[in-house]
>>> print(open('coords01.tsv').read())   # TSV, C-alpha atoms and all ligand atoms
chain	number	residue	atom	x	y	z
A	1	MET	CA	-125.40	-113.40	-94.77
A	2	LYS	CA	-127.84	-112.14	-97.39
A	3	ASN	CA	-131.01	-112.87	-95.49
A	4	LYS	CA	-130.31	-110.98	-92.29
A	5	LEU	CA	-129.14	-107.59	-91.06
A	6	THR	CA	-126.27	-107.11	-88.64
A	7	ILE	CA	-126.27	-103.98	-86.52
A	8	ALA	CA	-123.38	-102.77	-84.34
A	9	ILE	CA	-124.34	-100.90	-81.17
A	10	GLN	CA	-122.51	-99.64	-78.10
A	11	LYS	CA	-121.93	-102.40	-75.56
A	12	SER	CA	-121.89	-100.24	-72.47
A	13	GLY	CA	-121.82	-96.49	-72.25
A	14	ARG	CA	-123.87	-93.38	-72.68
A	15	LEU	CA	-125.72	-94.51	-75.81
A	16	SER	CA	-126.32	-98.18	-75.00
A	17	GLU	CA	-129.43	-97.95	-72.80
A	18	LYS	CA	-131.39	-95.71	-75.17
A	19	THR	CA	-130.22	-97.71	-78.21
A	20	ILE	CA	-131.55	-100.95	-76.74
A	21	GLU	CA	-134.75	-99.19	-75.65
A	22	LEU	CA	-135.29	-97.96	-79.24
A	23	LEU	CA	-134.77	-101.45	-80.69
A	24	LYS	CA	-137.10	-103.02	-78.10
A	25	LYS	CA	-139.81	-100.38	-78.53
A	26	SER	CA	-139.60	-100.96	-82.28
A	27	GLY	CA	-140.57	-104.57	-81.62
A	28	PHE	CA	-137.20	-106.32	-81.95
A	29	GLU	CA	-136.89	-108.98	-79.28
A	30	ILE	CA	-133.18	-109.20	-78.64
A	31	GLU	CA	-131.58	-111.70	-76.31
A	32	ILE	CA	-129.11	-109.70	-74.28
A	33	ASN	CA	-126.56	-111.53	-72.23
A	34	GLY	CA	-124.05	-109.14	-70.61
A	35	ARG	CA	-121.12	-111.42	-71.45
A	36	THR	CA	-121.65	-112.19	-75.13
A	37	LEU	CA	-120.73	-109.78	-77.90
A	38	ILE	CA	-123.43	-111.02	-80.29
A	39	GLY	CA	-127.18	-110.85	-79.59
A	40	LYS	CA	-129.80	-112.70	-81.59
A	41	CYS	CA	-133.23	-111.31	-82.39
A	42	SER	CA	-135.97	-113.91	-82.01
A	43	ASN	CA	-138.64	-112.25	-84.20
A	44	PHE	CA	-136.69	-110.57	-87.03
A	45	PRO	CA	-133.65	-111.49	-89.15
A	46	LEU	CA	-131.37	-109.26	-87.10
A	47	GLU	CA	-128.09	-109.85	-85.31
A	48	VAL	CA	-126.69	-107.33	-82.84
A	49	LEU	CA	-122.96	-106.81	-82.26
A	50	PHE	CA	-122.09	-105.13	-78.95
A	51	LEU	CA	-118.93	-103.05	-79.39
A	52	ARG	CA	-117.01	-100.03	-78.13
A	53	ALA	CA	-118.50	-96.83	-79.60
A	54	GLN	CA	-115.27	-95.93	-81.42
A	55	ASN	CA	-115.23	-99.29	-83.27
A	56	ILE	CA	-118.74	-98.94	-84.73
A	57	PRO	CA	-117.97	-96.81	-87.84
A	58	GLU	CA	-115.02	-99.06	-88.68
A	59	ILE	CA	-117.00	-102.27	-88.43
A	60	VAL	CA	-119.70	-100.87	-90.76
A	61	SER	CA	-117.08	-99.44	-93.12
A	62	ASP	CA	-115.42	-102.88	-93.28
A	63	GLU	CA	-118.84	-104.48	-94.05
A	64	VAL	CA	-118.74	-106.67	-90.94
A	65	ALA	CA	-122.00	-105.02	-89.86
A	66	ASP	CA	-124.67	-103.63	-92.21
A	67	LEU	CA	-125.79	-100.91	-89.80
A	68	GLY	CA	-124.42	-99.12	-86.76
A	69	ILE	CA	-125.71	-96.78	-84.08
A	70	CYS	CA	-123.16	-94.28	-82.78
A	71	GLY	CA	-122.79	-90.59	-82.01
A	72	GLN	CA	-122.43	-88.21	-84.96
A	73	ASP	CA	-119.20	-87.08	-83.25
A	74	THR	CA	-117.78	-90.62	-83.48
A	75	LEU	CA	-118.82	-90.86	-87.12
A	76	ALA	CA	-117.26	-87.47	-88.02
A	77	GLU	CA	-114.06	-88.26	-86.13
A	78	SER	CA	-113.71	-91.63	-87.86
A	79	LYS	CA	-113.50	-90.04	-91.34
A	80	PHE	CA	-114.65	-93.18	-93.23
A	81	SER	CA	-115.85	-91.76	-96.51
A	82	ASN	CA	-117.89	-94.85	-97.48
A	83	LEU	CA	-120.43	-94.32	-94.66
A	84	LYS	CA	-123.71	-92.40	-94.59
A	85	GLU	CA	-126.27	-91.45	-91.97
A	86	ILE	CA	-129.70	-93.02	-92.51
A	87	GLU	CA	-131.61	-91.47	-89.60
A	88	GLU	CA	-130.93	-89.17	-86.65
A	89	LEU	CA	-132.27	-90.90	-83.54
A	90	GLY	CA	-133.05	-88.01	-81.21
A	91	PHE	CA	-131.04	-89.10	-78.16
A	92	GLY	CA	-127.42	-88.78	-76.97
A	93	GLU	CA	-127.46	-85.06	-77.73
A	94	CYS	CA	-124.19	-83.33	-76.92
A	95	ARG	CA	-121.87	-80.63	-78.27
A	96	LEU	CA	-118.17	-80.56	-78.98
A	97	VAL	CA	-116.98	-77.29	-77.46
A	98	LEU	CA	-113.84	-75.28	-77.06
A	99	ALA	CA	-113.30	-74.32	-73.44
A	100	GLY	CA	-110.65	-72.59	-71.38
A	101	LYS	CA	-109.92	-71.63	-67.79
A	102	LYS	CA	-112.75	-69.57	-66.33
A	103	GLY	CA	-112.17	-65.84	-66.58
A	104	VAL	CA	-109.08	-66.18	-68.80
A	105	ARG	CA	-110.00	-64.96	-72.27
A	106	ILE	CA	-107.81	-66.86	-74.70
A	107	SER	CA	-108.27	-66.73	-78.43
A	108	ILE	CA	-108.01	-69.95	-80.40
A	109	TYR	CA	-105.20	-68.51	-82.49
A	110	GLN	CA	-101.71	-69.95	-81.90
A	111	LYS	CA	-102.74	-71.91	-78.81
A	112	ARG	CA	-102.41	-75.54	-77.73
A	113	ILE	CA	-105.77	-77.33	-77.71
A	114	ALA	CA	-106.08	-80.75	-76.06
A	115	THR	CA	-108.72	-83.09	-77.45
A	116	SER	CA	-109.71	-86.67	-78.17
A	117	PHE	CA	-111.34	-85.39	-81.39
A	118	PRO	CA	-108.28	-84.25	-83.40
A	119	ASN	CA	-109.92	-84.79	-86.80
A	120	ILE	CA	-113.05	-82.71	-86.12
A	121	LEU	CA	-110.93	-80.05	-84.44
A	122	LYS	CA	-108.44	-79.94	-87.33
A	123	LYS	CA	-111.25	-79.43	-89.83
A	124	TYR	CA	-112.60	-76.56	-87.72
A	125	LEU	CA	-109.17	-74.93	-87.26
A	126	ASP	CA	-108.43	-75.24	-90.99
A	127	GLN	CA	-111.72	-73.47	-91.76
A	128	LYS	CA	-110.75	-70.70	-89.33
A	129	LYS	CA	-107.21	-70.63	-90.80
A	130	THR	CA	-105.58	-70.70	-87.35
A	131	LYS	CA	-102.18	-72.02	-86.36
A	132	ALA	CA	-103.35	-73.52	-83.06
A	133	GLU	CA	-101.58	-76.74	-82.11
A	134	ILE	CA	-103.69	-79.85	-81.54
A	135	VAL	CA	-102.61	-81.90	-78.52
A	136	PRO	CA	-104.22	-85.37	-78.91
A	137	PHE	CA	-105.31	-86.57	-75.47
A	138	SER	CA	-107.56	-89.48	-74.60
A	139	GLY	CA	-109.40	-89.55	-71.30
A	140	SER	CA	-110.16	-86.64	-69.00
A	141	VAL	CA	-109.19	-83.74	-71.23
A	142	GLU	CA	-110.57	-81.27	-68.65
A	143	ILE	CA	-107.44	-81.70	-66.59
A	144	THR	CA	-104.99	-80.52	-69.27
A	145	PRO	CA	-105.22	-76.70	-68.77
A	146	ASN	CA	-104.46	-77.10	-65.05
A	147	LEU	CA	-101.50	-79.35	-65.85
A	148	GLU	CA	-100.39	-76.74	-68.38
A	149	ILE	CA	-100.32	-79.37	-71.12
A	150	ALA	CA	-102.73	-77.19	-73.11
A	151	ASP	CA	-104.27	-73.71	-73.07
A	152	LEU	CA	-107.70	-74.84	-74.24
A	153	ILE	CA	-109.62	-78.06	-74.52
A	154	CYS	CA	-112.04	-79.31	-77.13
A	155	ASP	CA	-114.42	-81.81	-75.57
A	156	LEU	CA	-117.97	-83.15	-75.55
A	157	VAL	CA	-120.49	-81.66	-73.16
A	158	SER	CA	-124.21	-82.04	-72.66
A	159	THR	CA	-124.97	-79.86	-69.61
A	160	GLY	CA	-121.52	-78.33	-69.16
A	161	SER	CA	-121.38	-79.25	-65.46
A	162	THR	CA	-118.13	-81.26	-65.78
A	163	LEU	CA	-116.45	-78.23	-67.34
A	164	ARG	CA	-117.67	-75.98	-64.55
A	165	MET	CA	-116.54	-78.45	-61.88
A	166	ASN	CA	-113.06	-78.26	-63.39
A	167	GLY	CA	-112.97	-74.46	-63.41
A	168	LEU	CA	-113.45	-74.24	-67.19
A	169	GLU	CA	-115.89	-72.26	-69.30
A	170	GLU	CA	-117.18	-72.73	-72.82
A	171	ILE	CA	-115.88	-70.50	-75.56
A	172	GLU	CA	-117.76	-71.91	-78.52
A	173	THR	CA	-119.52	-74.97	-79.92
A	174	ILE	CA	-117.75	-76.43	-82.93
A	175	PHE	CA	-119.91	-79.54	-83.57
A	176	LYS	CA	-123.39	-80.70	-82.52
A	177	SER	CA	-124.06	-84.39	-82.12
A	178	GLN	CA	-126.77	-86.94	-81.41
A	179	ALA	CA	-127.07	-90.69	-81.91
A	180	THR	CA	-127.43	-91.68	-85.53
A	181	LEU	CA	-128.05	-94.81	-87.59
A	182	ILE	CA	-125.31	-95.42	-90.15
A	183	SER	CA	-124.72	-97.75	-93.08
A	184	LEU	CA	-122.46	-98.03	-96.10
A	185	ARG	CA	-123.15	-95.45	-98.80
A	186	ASN	CA	-123.56	-98.34	-101.24
A	187	PHE	CA	-125.88	-100.46	-99.15
A	188	ASP	CA	-126.06	-104.11	-100.27
A	189	SER	CA	-129.09	-104.08	-102.58
A	190	SER	CA	-129.89	-107.74	-101.83
A	191	LYS	CA	-130.70	-106.69	-98.24
A	192	LYS	CA	-132.82	-103.69	-99.23
A	193	ASP	CA	-136.12	-105.46	-98.44
A	194	ILE	CA	-135.06	-106.36	-94.90
A	195	LEU	CA	-133.66	-102.84	-94.39
A	196	ASP	CA	-136.99	-101.31	-95.49
A	197	LYS	CA	-138.87	-103.46	-92.96
A	198	PHE	CA	-136.35	-102.60	-90.25
A	199	MET	CA	-136.60	-98.87	-91.01
A	200	MET	CA	-140.41	-98.90	-91.06
A	201	ARG	CA	-140.38	-100.18	-87.46
A	202	ILE	CA	-137.68	-97.77	-86.27
A	203	ARG	CA	-139.34	-94.75	-87.92
A	204	ALA	CA	-142.75	-95.71	-86.51
A	205	THR	CA	-141.25	-95.56	-83.00
A	206	LEU	CA	-139.32	-92.33	-83.62
A	207	LEU	CA	-142.39	-90.58	-85.03
A	208	ALA	CA	-144.65	-91.71	-82.21
A	209	ARG	CA	-142.17	-90.46	-79.61
A	210	ASN	CA	-142.92	-86.84	-80.45
A	211	THR	CA	-146.70	-87.11	-80.72
A	212	LYS	CA	-149.84	-87.42	-78.60
A	213	TYR	CA	-153.37	-88.41	-79.59
A	214	ILE	CA	-156.01	-86.00	-78.28
A	215	ILE	CA	-159.80	-86.18	-78.17
A	216	MET	CA	-161.83	-83.14	-77.13
A	217	ASN	CA	-165.25	-81.56	-77.24
A	218	ALA	CA	-165.50	-78.16	-78.91
A	219	PRO	CA	-168.01	-75.70	-80.33
A	220	ARG	CA	-168.82	-76.64	-83.95
A	221	LEU	CA	-168.03	-73.05	-85.02
A	222	ALA	CA	-164.45	-73.35	-83.70
A	223	LEU	CA	-163.61	-76.25	-86.06
A	224	PRO	CA	-161.77	-74.21	-88.74
A	225	GLU	CA	-159.43	-72.69	-86.12
A	226	ILE	CA	-158.95	-75.98	-84.24
A	227	ARG	CA	-158.14	-77.70	-87.50
A	228	LYS	CA	-155.29	-75.23	-88.06
A	229	LEU	CA	-153.89	-75.94	-84.57
A	230	ALA	CA	-154.32	-79.73	-84.68
A	231	PRO	CA	-154.39	-80.77	-88.34
A	232	GLY	CA	-153.60	-84.42	-87.54
A	233	LEU	CA	-152.02	-86.69	-90.15
A	234	ALA	CA	-154.57	-86.19	-92.94
A	235	SER	CA	-157.23	-84.16	-91.12
A	236	PRO	CA	-158.89	-84.46	-87.69
A	237	THR	CA	-161.73	-86.92	-87.08
A	238	VAL	CA	-164.95	-85.05	-86.30
A	239	THR	CA	-167.97	-86.70	-84.64
A	240	SER	CA	-171.33	-85.05	-84.06
A	241	LEU	CA	-172.68	-84.81	-80.52
A	242	SER	CA	-176.37	-84.86	-79.59
A	243	ASP	CA	-176.01	-81.16	-78.81
A	244	TYR	CA	-175.79	-79.84	-82.42
A	245	GLU	CA	-173.69	-76.82	-81.41
A	246	MET	CA	-170.91	-79.12	-80.15
A	247	ILE	CA	-168.64	-81.68	-81.83
A	248	SER	CA	-166.01	-84.18	-80.70
A	249	ILE	CA	-162.61	-83.86	-82.43
A	250	ALA	CA	-159.77	-86.40	-82.43
A	251	SER	CA	-156.34	-85.48	-83.72
A	252	VAL	CA	-152.58	-85.85	-83.28
A	253	ILE	CA	-150.39	-83.08	-81.87
A	254	LEU	CA	-146.66	-82.64	-81.38
A	255	GLU	CA	-145.23	-83.32	-77.93
A	256	ASP	CA	-142.75	-80.45	-78.08
A	257	LYS	CA	-145.60	-77.93	-78.58
A	258	PHE	CA	-147.97	-79.79	-76.30
A	259	TRP	CA	-148.90	-77.21	-73.62
A	260	GLN	CA	-148.85	-74.34	-76.08
A	261	THR	CA	-151.35	-76.21	-78.31
A	262	ILE	CA	-153.56	-77.23	-75.37
A	263	GLU	CA	-153.73	-73.63	-74.10
A	264	GLN	CA	-154.74	-72.37	-77.55
A	265	LEU	CA	-157.36	-75.14	-77.91
A	266	LYS	CA	-158.86	-74.16	-74.56
A	267	THR	CA	-159.00	-70.53	-75.66
A	268	LEU	CA	-161.01	-71.69	-78.69
A	269	GLY	CA	-163.52	-73.39	-76.36
A	270	ALA	CA	-162.19	-76.98	-76.32
A	271	SER	CA	-163.07	-78.90	-73.15
A	272	GLY	CA	-162.88	-82.44	-71.79
A	273	ILE	CA	-159.53	-82.91	-73.56
A	274	LEU	CA	-158.31	-86.51	-73.31
A	275	VAL	CA	-154.63	-87.15	-74.06
A	276	LEU	CA	-153.36	-90.59	-75.06
A	277	PRO	CA	-149.83	-91.78	-75.81
A	278	ILE	CA	-149.15	-93.12	-79.30
A	279	GLU	CA	-147.03	-96.25	-79.34
A	280	LYS	CA	-146.23	-96.43	-83.06
A	281	MET	CA	-147.01	-94.22	-86.03
A	282	ILE	CA	-146.88	-95.72	-89.51
A	283	LEU	CA	-147.25	-93.21	-92.30
A	301	LIG	P1	-119.20	-93.18	-73.93
A	301	LIG	O1	-118.16	-93.90	-74.74
A	301	LIG	O2	-120.05	-94.07	-73.14
A	301	LIG	O3	-118.65	-92.01	-73.15
A	301	LIG	O4	-120.24	-92.55	-75.02
A	301	LIG	C1	-119.77	-91.55	-75.82
A	301	LIG	C2	-120.82	-91.09	-76.77
A	301	LIG	O5	-121.96	-90.63	-76.05
A	301	LIG	C3	-120.28	-89.89	-77.52
A	301	LIG	O6	-119.68	-90.30	-78.72
A	301	LIG	C4	-121.48	-89.02	-77.73
A	301	LIG	O7	-122.07	-89.31	-78.98
A	301	LIG	C5	-122.45	-89.42	-76.62
A	301	LIG	N1	-122.58	-88.40	-75.56
A	301	LIG	C6	-123.73	-87.82	-75.16
A	301	LIG	N2	-123.53	-86.92	-74.19
A	301	LIG	C7	-122.21	-86.92	-73.95
A	301	LIG	C8	-121.37	-86.19	-73.04
A	301	LIG	N3	-121.86	-85.29	-72.19
A	301	LIG	N4	-120.06	-86.47	-73.04
A	301	LIG	C9	-119.56	-87.41	-73.87
A	301	LIG	N5	-120.29	-88.11	-74.73
A	301	LIG	C10	-121.60	-87.87	-74.80
>>> encode(input="coords01.tsv", output="structure tokens")
Amino acid sequence: MKNKLTIAIQKSGRLSEKTIELLKKSGFEIEINGRTLIGKCSNFPLEVLFLRAQNIPEIVSDEVADLGICGQDTLAESKFSNLKEIEELGFGECRLVLAGKKGVRISIYQKRIATSFPNILKKYLDQKKTKAEIVPFSGSVEITPNLEIADLICDLVSTGSTLRMNGLEEIETIFKSQATLISLRNFDSSKKDILDKFMMRIRATLLARNTKYIIMNAPRLALPEIRKLAPGLASPTVTSLSDYEMISIASVILEDKFWQTIEQLKTLGASGILVLPIEKMIL
């Protein structure tokens, strides 16, 4: 339908909880009933299809859904050339690694490598010009070296603990992945307006996730230095205090440099620093 967007997301699995959280935080009220495969949104022209992760690129490629949320690994493995990534979503981070039995140094040349990602692995091996054999294997690939089905494995890890539990160690990362929002390369122009509204809400949530609003008192003379540390969106808000030597400054800082920035602000004489979460940020 022209007047609504359809988005395919993972029904149940590693990405589903955070995907639904992102949609909800972005203000989309979706009716979720564990048994149905289609969810309606009550406050936006949006329909949600709940699918297996591996089916998401295909359903977008076939134009059954306008958008999809899946791992970059799933997208790369699917090889649909008519798809593009619109936005990285900052969750579901993992790496596709080559691993082998702990302590046994095996080169990737002329070896059997078991994987459920044969396409990504083939591309990597072609780049390296190796003659390693790819052993397609779906399920618990970690078991294959012990069963002597393969010498190495190529599998997804986030912490690496599953590898270690199976007596394996990482050799190298061949692909980095996180959840991503995908669409057709040639997105239906008649839906562009709805897509823009959808993206404004999603981006407002993504931007706010990495920021904090801070208000502090500081010596007036420290303003130039504080401004460099906490420039805010345009520039910080500065309010005079009854003590002329002091000012109150409000600004936005990045979450991933939070403590570092706070320590530097304190060194410059900032005090009474109040920190507030930002729910949405619309640029
Ligand atoms: P699932 O089908 O539930 O196993 O979800 C698989 C997707 O979750 C993958 O395509 C990855 O994008 C993502 N993911 C994040 N961390 C990991 C991990 N440690 N192992 C496998 N998949 C992961």
>>> closest_atom_pairs(input="coords01.tsv", of="chain A", to="ligand LIG 301 (chain A)", cutoff="9 Å", atoms="only C-alpha atoms and all ligand atoms", output="JSON lines")
{"residue": "A:Gln10", "atom": "CA", "partner": "A:LIG301", "partner_atom": "O2", "distance": 7.9}
{"residue": "A:Lys11", "atom": "CA", "partner": "A:LIG301", "partner_atom": "O2", "distance": 8.9}
{"residue": "A:Ser12", "atom": "CA", "partner": "A:LIG301", "partner_atom": "O2", "distance": 6.5}
{"residue": "A:Gly13", "atom": "CA", "partner": "A:LIG301", "partner_atom": "O2", "distance": 3.1}
{"residue": "A:Arg14", "atom": "CA", "partner": "A:LIG301", "partner_atom": "O2", "distance": 3.9}
{"residue": "A:Leu15", "atom": "CA", "partner": "A:LIG301", "partner_atom": "O5", "distance": 5.4}
{"residue": "A:Ser16", "atom": "CA", "partner": "A:LIG301", "partner_atom": "O2", "distance": 7.7}
{"residue": "A:Arg52", "atom": "CA", "partner": "A:LIG301", "partner_atom": "O1", "distance": 7.1}
{"residue": "A:Ala53", "atom": "CA", "partner": "A:LIG301", "partner_atom": "O1", "distance": 5.7}
{"residue": "A:Gln54", "atom": "CA", "partner": "A:LIG301", "partner_atom": "O1", "distance": 7.6}
{"residue": "A:Cys70", "atom": "CA", "partner": "A:LIG301", "partner_atom": "O7", "distance": 6.4}
{"residue": "A:Gly71", "atom": "CA", "partner": "A:LIG301", "partner_atom": "O7", "distance": 3.4}
{"residue": "A:Gln72", "atom": "CA", "partner": "A:LIG301", "partner_atom": "O7", "distance": 6.1}
{"residue": "A:Asp73", "atom": "CA", "partner": "A:LIG301", "partner_atom": "O6", "distance": 5.6}
{"residue": "A:Thr74", "atom": "CA", "partner": "A:LIG301", "partner_atom": "O6", "distance": 5.1}
{"residue": "A:Leu75", "atom": "CA", "partner": "A:LIG301", "partner_atom": "O6", "distance": 8.5}
{"residue": "A:Phe91", "atom": "CA", "partner": "A:LIG301", "partner_atom": "C6", "distance": 8.0}
{"residue": "A:Gly92", "atom": "CA", "partner": "A:LIG301", "partner_atom": "C6", "distance": 4.2}
{"residue": "A:Glu93", "atom": "CA", "partner": "A:LIG301", "partner_atom": "C6", "distance": 5.3}
{"residue": "A:Cys94", "atom": "CA", "partner": "A:LIG301", "partner_atom": "N2", "distance": 4.6}
{"residue": "A:Arg95", "atom": "CA", "partner": "A:LIG301", "partner_atom": "C7", "distance": 7.6}
{"residue": "A:Leu96", "atom": "CA", "partner": "A:LIG301", "partner_atom": "N4", "distance": 8.6}
{"residue": "A:Asp155", "atom": "CA", "partner": "A:LIG301", "partner_atom": "N4", "distance": 7.7}
{"residue": "A:Leu156", "atom": "CA", "partner": "A:LIG301", "partner_atom": "N4", "distance": 4.7}
{"residue": "A:Val157", "atom": "CA", "partner": "A:LIG301", "partner_atom": "N3", "distance": 4.0}
{"residue": "A:Ser158", "atom": "CA", "partner": "A:LIG301", "partner_atom": "N3", "distance": 4.0}
{"residue": "A:Thr159", "atom": "CA", "partner": "A:LIG301", "partner_atom": "N3", "distance": 6.8}
{"residue": "A:Gly160", "atom": "CA", "partner": "A:LIG301", "partner_atom": "N3", "distance": 7.6}
{"residue": "A:Thr162", "atom": "CA", "partner": "A:LIG301", "partner_atom": "N3", "distance": 8.4}
{"residue": "A:Ser177", "atom": "CA", "partner": "A:LIG301", "partner_atom": "O7", "distance": 6.2}
{"residue": "A:Gln178", "atom": "CA", "partner": "A:LIG301", "partner_atom": "O7", "distance": 5.8}
{"residue": "A:Ala179", "atom": "CA", "partner": "A:LIG301", "partner_atom": "O7", "distance": 6.0}
{"residue": "A:Thr180", "atom": "CA", "partner": "A:LIG301", "partner_atom": "O7", "distance": 8.8}
>>> write_last_selection(input="coords01.tsv", atoms="C-alpha atoms", output="PDB file, keeping the file's coordinate frame")
ATOM      1  CA  GLN A  10    -122.510 -99.640 -78.100  1.00  0.00           C
ATOM      2  CA  LYS A  11    -121.930-102.400 -75.560  1.00  0.00           C
ATOM      3  CA  SER A  12    -121.890-100.240 -72.470  1.00  0.00           C
ATOM      4  CA  GLY A  13    -121.820 -96.490 -72.250  1.00  0.00           C
ATOM      5  CA  ARG A  14    -123.870 -93.380 -72.680  1.00  0.00           C
ATOM      6  CA  LEU A  15    -125.720 -94.510 -75.810  1.00  0.00           C
ATOM      7  CA  SER A  16    -126.320 -98.180 -75.000  1.00  0.00           C
ATOM      8  CA  ARG A  52    -117.010-100.030 -78.130  1.00  0.00           C
ATOM      9  CA  ALA A  53    -118.500 -96.830 -79.600  1.00  0.00           C
ATOM     10  CA  GLN A  54    -115.270 -95.930 -81.420  1.00  0.00           C
ATOM     11  CA  CYS A  70    -123.160 -94.280 -82.780  1.00  0.00           C
ATOM     12  CA  GLY A  71    -122.790 -90.590 -82.010  1.00  0.00           C
ATOM     13  CA  GLN A  72    -122.430 -88.210 -84.960  1.00  0.00           C
ATOM     14  CA  ASP A  73    -119.200 -87.080 -83.250  1.00  0.00           C
ATOM     15  CA  THR A  74    -117.780 -90.620 -83.480  1.00  0.00           C
ATOM     16  CA  LEU A  75    -118.820 -90.860 -87.120  1.00  0.00           C
ATOM     17  CA  PHE A  91    -131.040 -89.100 -78.160  1.00  0.00           C
ATOM     18  CA  GLY A  92    -127.420 -88.780 -76.970  1.00  0.00           C
ATOM     19  CA  GLU A  93    -127.460 -85.060 -77.730  1.00  0.00           C
ATOM     20  CA  CYS A  94    -124.190 -83.330 -76.920  1.00  0.00           C
ATOM     21  CA  ARG A  95    -121.870 -80.630 -78.270  1.00  0.00           C
ATOM     22  CA  LEU A  96    -118.170 -80.560 -78.980  1.00  0.00           C
ATOM     23  CA  ASP A 155    -114.420 -81.810 -75.570  1.00  0.00           C
ATOM     24  CA  LEU A 156    -117.970 -83.150 -75.550  1.00  0.00           C
ATOM     25  CA  VAL A 157    -120.490 -81.660 -73.160  1.00  0.00           C
ATOM     26  CA  SER A 158    -124.210 -82.040 -72.660  1.00  0.00           C
ATOM     27  CA  THR A 159    -124.970 -79.860 -69.610  1.00  0.00           C
ATOM     28  CA  GLY A 160    -121.520 -78.330 -69.160  1.00  0.00           C
ATOM     29  CA  THR A 162    -118.130 -81.260 -65.780  1.00  0.00           C
ATOM     30  CA  SER A 177    -124.060 -84.390 -82.120  1.00  0.00           C
ATOM     31  CA  GLN A 178    -126.770 -86.940 -81.410  1.00  0.00           C
ATOM     32  CA  ALA A 179    -127.070 -90.690 -81.910  1.00  0.00           C
ATOM     33  CA  THR A 180    -127.430 -91.680 -85.530  1.00  0.00           C
TER      34      THR A 180
END
>>> atom_distance(input="coords01.tsv", atom1="CA of Ser78 (chain A)", atom2="CA of Asn119 (chain A)")
7.9 Å
>>> closest_residue(input="coords01.tsv", among="A:Thr267, A:Met281, A:Pro219, A:Pro118", to="Gly232 (chain A)", atoms="only C-alpha atoms")
A:Met281
>>> closest_residue(input="coords01.tsv", among="A:Lys192, A:Ile9, A:Glu172, A:Pro277", to="Ile215 (chain A)", atoms="only C-alpha atoms")
A:Pro277
>>> atom_distance(input="coords01.tsv", atom1="CA of Tyr213 (chain A)", atom2="CA of Phe198 (chain A)")
24.6 Å
>>> atom_distance(input="coords01.tsv", atom1="CA of Ser26 (chain A)", atom2="CA of Val275 (chain A)")
22.0 Å
>>> residues_around(input="coords01.tsv", residues="Arg201 (chain A)", least_positions_apart="3", cutoff="12 Å", atoms="all atoms listed in the file", output="number ranges by chain")
A: 22-28, 44, 194-198, 204-208, 279-283
>>> closest_residue(input="coords01.tsv", among="A:Leu147, A:Leu181, A:Ala8, A:Leu83", to="Phe50 (chain A)", atoms="all atoms listed in the file")
A:Ala8
>>> closest_residue(input="coords01.tsv", among="A:Ala132, A:Leu229, A:Cys41, A:Ala218", to="Phe258 (chain A)", atoms="all atoms listed in the file")
A:Leu229
>>> closest_residue(input="coords01.tsv", among="A:Lys266, A:Lys257, A:Lys102, A:Lys40", to="Asn210 (chain A)", atoms="all atoms listed in the file")
A:Lys257
